[in-house]
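What follows is the content of query29.cif (mmCIF, C-alpha atoms).
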```cif
data_target
loop_
_atom_site.label_atom_id
_atom_site.label_comp_id
_atom_site.auth_asym_id
_atom_site.auth_seq_id
_atom_site.Cartn_x
_atom_site.Cartn_y
_atom_site.Cartn_z
CA MET A 1 0.00 0.00 0.00
CA ARG A 2 2.82 2.43 0.91
CA GLU A 3 4.51 1.94 -2.46
CA TRP A 4 1.24 2.43 -4.26
CA ILE A 5 0.63 5.70 -2.40
CA LEU A 6 4.20 6.86 -3.10
CA ASP A 7 3.87 6.03 -6.81
CA LYS A 8 0.62 7.96 -7.18
CA SER A 9 1.97 10.87 -5.10
CA TYR A 10 5.02 11.17 -7.35
CA GLU A 11 2.77 11.21 -10.41
CA LEU A 12 0.61 13.95 -8.86
CA ILE A 13 3.65 15.95 -7.73
CA GLN A 14 4.97 15.96 -11.28
CA ARG A 15 1.59 17.19 -12.48
CA TYR A 16 0.76 19.75 -9.74
CA GLY A 17 4.01 20.41 -7.90
CA LEU A 18 4.92 19.69 -4.29
CA ARG A 19 2.67 22.32 -2.81
CA GLY A 20 -0.09 21.85 -5.38
CA PHE A 21 -0.85 18.18 -4.81
CA THR A 22 -3.00 17.25 -1.81
CA MET A 23 -3.71 14.15 0.23
CA ASP A 24 -7.28 14.47 -1.09
CA ASP A 25 -5.90 14.19 -4.64
CA VAL A 26 -3.99 11.03 -3.71
CA ALA A 27 -7.00 9.47 -2.00
CA SER A 28 -9.29 10.35 -4.91
CA GLU A 29 -6.89 9.03 -7.57
CA LEU A 30 -6.37 5.77 -5.68
CA ALA A 31 -10.05 5.44 -4.67
CA ILE A 32 -9.07 5.07 -1.01
CA SER A 33 -9.84 7.14 2.06
CA LYS A 34 -7.52 9.81 3.43
CA LYS A 35 -7.59 7.80 6.64
CA THR A 36 -5.84 4.96 4.79
CA ILE A 37 -3.15 7.36 3.63
CA TYR A 38 -2.69 8.72 7.15
CA LYS A 39 -2.32 5.17 8.50
CA ASN A 40 0.75 4.91 6.27
CA PHE A 41 2.04 8.48 6.43
CA ALA A 42 1.60 10.78 9.41
CA SER A 43 1.61 13.89 7.21
CA LYS A 44 2.13 15.24 3.73
CA ASN A 45 5.65 16.24 4.83
CA GLN A 46 6.44 12.66 5.84
CA LEU A 47 5.14 11.40 2.50
CA ILE A 48 7.33 13.90 0.64
CA SER A 49 10.31 13.02 2.82
CA GLU A 50 9.93 9.30 2.11
CA LEU A 51 9.47 10.02 -1.58
CA VAL A 52 12.73 11.99 -1.62
CA ASP A 53 14.44 9.09 0.22
CA ARG A 54 13.12 6.70 -2.39
CA ILE A 55 14.24 8.85 -5.33
CA VAL A 56 17.72 9.33 -3.84
CA GLU A 57 18.14 5.57 -3.32
CA LEU A 58 16.91 4.81 -6.84
CA GLU A 59 19.34 7.37 -8.24
CA LYS A 60 22.25 5.92 -6.26
CA ASN A 61 21.46 2.39 -7.38
CA SER A 62 20.95 3.39 -11.00
CA PHE A 63 24.15 5.42 -10.95
CA SER A 64 26.24 2.59 -9.46
CA GLU A 65 24.69 0.04 -11.82
CA GLU A 66 25.43 2.13 -14.93
CA ILE A 67 29.03 2.82 -13.90
CA SER A 68 29.63 -0.87 -13.15
CA LYS A 69 28.58 -1.84 -16.69
CA HIS A 70 31.82 -0.37 -18.05
CA ASP A 71 35.42 -1.51 -17.81
CA ASP A 72 36.89 1.20 -20.03
CA TRP A 73 37.86 4.38 -18.18
CA PHE A 74 36.47 6.72 -20.85
CA ASP A 75 33.11 4.91 -20.90
CA LYS A 76 32.88 5.18 -17.10
CA PHE A 77 33.75 8.87 -17.23
CA GLU A 78 31.23 9.59 -19.98
CA THR A 79 28.54 7.67 -18.09
CA MET A 80 29.43 9.61 -14.97
CA LEU A 81 28.89 12.92 -16.75
CA THR A 82 25.75 11.74 -18.54
CA MET A 83 24.11 10.66 -15.30
CA TYR A 84 25.33 13.53 -13.12
CA THR A 85 22.04 15.37 -13.22
CA PRO A 86 18.83 13.34 -13.23
CA GLU A 87 17.04 14.47 -16.38
CA ASP A 88 13.64 13.02 -15.56
CA VAL A 89 13.07 15.19 -12.47
CA PRO A 90 11.68 18.58 -13.54
CA MET A 91 13.91 21.35 -12.25
CA ARG A 92 10.86 23.30 -11.08
CA LEU A 93 10.31 20.51 -8.54
CA VAL A 94 13.90 20.71 -7.33
CA GLU A 95 13.54 24.46 -6.90
CA GLU A 96 10.23 24.01 -5.08
CA LEU A 97 11.74 21.30 -2.84
CA TYR A 98 14.69 23.55 -1.91
CA ARG A 99 12.44 26.53 -1.27
CA TYR A 100 9.60 24.97 0.71
CA TYR A 101 11.16 21.78 2.10
CA PRO A 102 14.73 22.83 2.97
CA GLU A 103 15.20 19.86 5.30
CA GLU A 104 15.02 17.61 2.22
CA LYS A 105 17.81 19.58 0.50
CA ASP A 106 20.39 17.75 2.64
CA LYS A 107 19.29 14.44 1.12
CA ILE A 108 19.84 15.78 -2.38
CA GLU A 109 23.23 17.16 -1.36
CA LYS A 110 24.17 13.71 -0.02
CA LEU A 111 23.38 12.29 -3.47
CA PHE A 112 25.83 14.73 -5.02
CA GLU A 113 28.42 13.80 -2.39
CA PHE A 114 27.89 10.13 -3.27
CA ARG A 115 28.56 10.90 -6.93
CA GLN A 116 31.64 12.96 -6.08
CA GLU A 117 33.05 10.03 -4.08
CA ILE A 118 32.95 8.02 -7.31
CA LEU A 119 34.10 10.85 -9.57
CA TYR A 120 37.20 11.89 -7.62
CA PRO A 121 39.00 8.50 -7.90
CA LEU A 122 37.94 8.33 -11.55
CA ILE A 123 39.63 11.68 -12.19
CA GLU A 124 42.78 10.49 -10.40
CA GLU A 125 42.75 7.27 -12.44
CA GLY A 126 42.43 9.34 -15.62
CA GLN A 127 45.43 11.42 -14.60
CA GLN A 128 47.54 8.38 -13.73
CA SER A 129 46.72 6.74 -17.06
CA GLY A 130 47.44 9.94 -19.03
CA LYS A 131 43.85 10.52 -20.17
CA ILE A 132 43.50 13.69 -18.10
CA ARG A 133 46.16 16.36 -17.88
CA GLN A 134 48.39 16.02 -14.81
CA ASP A 135 48.65 19.79 -14.31
CA LEU A 136 44.97 20.02 -13.34
CA ASN A 137 43.93 19.69 -9.71
CA PRO A 138 41.40 16.81 -9.28
CA VAL A 139 39.57 18.75 -6.57
CA ILE A 140 39.01 21.67 -8.95
CA ILE A 141 37.92 19.33 -11.77
CA VAL A 142 35.34 17.68 -9.51
CA MET A 143 34.17 21.08 -8.25
CA LEU A 144 33.78 22.39 -11.82
CA ILE A 145 31.90 19.29 -12.96
CA HIS A 146 29.61 19.57 -9.96
CA ASP A 147 28.93 23.26 -10.60
CA LEU A 148 28.64 22.86 -14.38
CA PHE A 149 26.18 20.02 -14.23
CA LEU A 150 24.04 21.65 -11.57
CA THR A 151 23.59 24.76 -13.73
CA PRO A 152 20.40 23.32 -15.30
CA ALA A 153 18.84 23.50 -11.83
CA ASP A 154 18.47 27.22 -12.47
CA SER A 155 15.56 27.13 -14.89
CA LYS A 156 15.72 30.93 -15.28
CA LYS A 157 18.75 30.41 -17.52
CA LEU A 158 16.66 28.26 -19.85
CA LYS A 159 13.62 30.54 -19.86
CA GLY A 160 12.72 31.60 -23.37
CA GLN A 161 15.10 29.08 -24.93
CA ASP A 162 13.84 26.09 -26.88
CA ILE A 163 16.31 23.77 -25.14
CA THR A 164 15.52 20.67 -23.12
CA ILE A 165 17.50 19.66 -20.03
CA LYS A 166 18.70 16.59 -21.94
CA GLN A 167 19.99 18.73 -24.84
CA LEU A 168 21.67 21.12 -22.44
CA LEU A 169 23.42 18.30 -20.59
CA GLU A 170 24.61 16.71 -23.83
CA GLN A 171 26.09 20.02 -25.03
CA MET A 172 27.71 20.65 -21.64
CA LYS A 173 29.27 17.18 -21.74
CA LYS A 174 30.73 17.85 -25.21
CA LEU A 175 31.99 21.24 -24.08
CA PHE A 176 33.63 19.72 -21.02
CA PHE A 177 35.27 16.90 -23.01
CA TYR A 178 36.39 18.80 -26.07
CA GLY A 179 36.33 22.50 -25.22
CA ILE A 180 35.29 25.16 -27.70
CA LEU A 181 38.52 25.43 -29.68
CA GLN A 182 39.03 23.54 -32.92
CA ARG A 183 42.56 22.49 -31.96
CA GLY A 184 41.72 21.76 -28.32
CA GLU A 185 44.17 24.17 -26.72
CA VAL A 186 45.45 27.70 -27.22
CA GLU A 187 49.07 27.93 -28.33
CA GLU A 188 51.02 30.28 -26.14
#
```
Would you write out, as structure tokens, the structure that this file holds?
Amino acid sequence: MREWILDKSYELIQRYGLRGFTMDDVASELAISKKTIYKNFASKNQLISELVDRIVELEKNSFSEEISKHDDWFDKFETMLTMYTPEDVPMRLVEELYRYYPEEKDKIEKLFEFRQEILYPLIEEGQQSGKIRQDLNPVIIVMLIHDLFLTPADSKKLKGQDITIKQLLEQMKKLFFYGILQRGEVEE
């Protein structure tokens, strides 16, 4: 029953937003009483909290699973960048979560920390194998990747542009890998 309620709640949240969906909506959509919902979740906040927990765990598992599919360093690195920002979660929901449910923000930050714990050794491995320049600080690389791939979270930057999050992430990945110069590096 809990999973069923969480599934329907997530669907309604995507449709109406975190503050826009109600326990009445969930009960109506599932043809159950609100009392049944409250037997499983003490409050709307608890439901949202458990939903965030669920999403974070799914993301971690999916992330680890995708990385483990690859033996080649470059494939792991590309997968890492491709999956850095979940593209199926509307950024308006992330903004709403941060604004109205700040206690849940820590859970999202822990997800990014989890990804960084995988990324940092991958950067070091790339440097040791000669795939990444040795003169670059791994801490700064990880910080830049983190900041670069969280940029889509600011939907104001995409306002008025006919660009999807997926397109933006793909272009950012190419830019990060290959730069903007034809020859790859400026001659001094």
Once the PyMOL selection byres ((chain A and resi 72-79) around 9) is applied to the coordinates I shared, what remains selected? I want it as a PDB file with C-alpha atoms, in the coordinates of the input.
```pdb
ATOM      1  CA  PHE A  63      24.150   5.420 -10.950  1.00  0.00           C
ATOM      2  CA  GLU A  66      25.430   2.130 -14.930  1.00  0.00           C
ATOM      3  CA  ILE A  67      29.030   2.820 -13.900  1.00  0.00           C
ATOM      4  CA  SER A  68      29.630  -0.870 -13.150  1.00  0.00           C
ATOM      5  CA  LYS A  69      28.580  -1.840 -16.690  1.00  0.00           C
ATOM      6  CA  HIS A  70      31.820  -0.370 -18.050  1.00  0.00           C
ATOM      7  CA  ASP A  71      35.420  -1.510 -17.810  1.00  0.00           C
ATOM      8  CA  MET A  80      29.430   9.610 -14.970  1.00  0.00           C
ATOM      9  CA  LEU A  81      28.890  12.920 -16.750  1.00  0.00           C
ATOM     10  CA  THR A  82      25.750  11.740 -18.540  1.00  0.00           C
ATOM     11  CA  MET A  83      24.110  10.660 -15.300  1.00  0.00           C
ATOM     12  CA  TYR A  84      25.330  13.530 -13.120  1.00  0.00           C
ATOM     13  CA  LEU A 119      34.100  10.850  -9.570  1.00  0.00           C
ATOM     14  CA  LEU A 122      37.940   8.330 -11.550  1.00  0.00           C
ATOM     15  CA  ILE A 123      39.630  11.680 -12.190  1.00  0.00           C
ATOM     16  CA  GLU A 125      42.750   7.270 -12.440  1.00  0.00           C
ATOM     17  CA  GLY A 126      42.430   9.340 -15.620  1.00  0.00           C
ATOM     18  CA  LYS A 131      43.850  10.520 -20.170  1.00  0.00           C
ATOM     19  CA  LYS A 173      29.270  17.180 -21.740  1.00  0.00           C
ATOM     20  CA  PHE A 177      35.270  16.900 -23.010  1.00  0.00           C
TER      21      PHE A 177
END
```
| request: To one decimal in Å, tell me the separation between atom CA of Glu29 of chain A and atom CA of Ser43 of chain A. | output: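 One can read the atom CA of Glu29 of chain A to atom CA of Ser43 of chain A distance as 17.7 Å.
With only C-alpha atoms as the atoms that count, the residue of A:Glu57, A:Glu65, A:Glu113, A:Glu96 with the shortest distance to Ile13 of chain A is A:Glu96.
Coordinates place atom CA of Ile108 of chain A at a distance of 14.6 Å from atom CA of Arg92 of chain A.
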| query | Within 12 Å of (10.1, 12.2, -2.1), only C-alpha atoms: residues as an MDAnalysis selection string? | reply | chainID A and resid 3 5:14 17:18 44:58 89 93:94 97 101 103:105 107:108
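Picture a line from atom CA of Lys35 of chain A to atom CA of Pro102 of chain A; it runs 27.2 Å.
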| said: Considering all atoms listed in the file, can you say which of A:Ser64, A:Gln171, A:His146, A:Arg99 comes closest to Ile118 of chain A? | reply: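 Counting all atoms listed in the file, the residue closest to Ile118 of chain A is A:Ser64.
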| request: Given the file shown, determine the residues that the PyMOL selection byres ((chain A and resi 37) around 9) selects; report them as number ranges by chain. | output: A: 1-2, 5, 23, 26-27, 32-36, 38-43
| From the set A:Leu175, A:Met143, A:Leu30, A:Ile132, which residue has the shortest atom-to-atom contact distance to Phe112 of chain A, counting all atoms listed in the file? | A:Met143
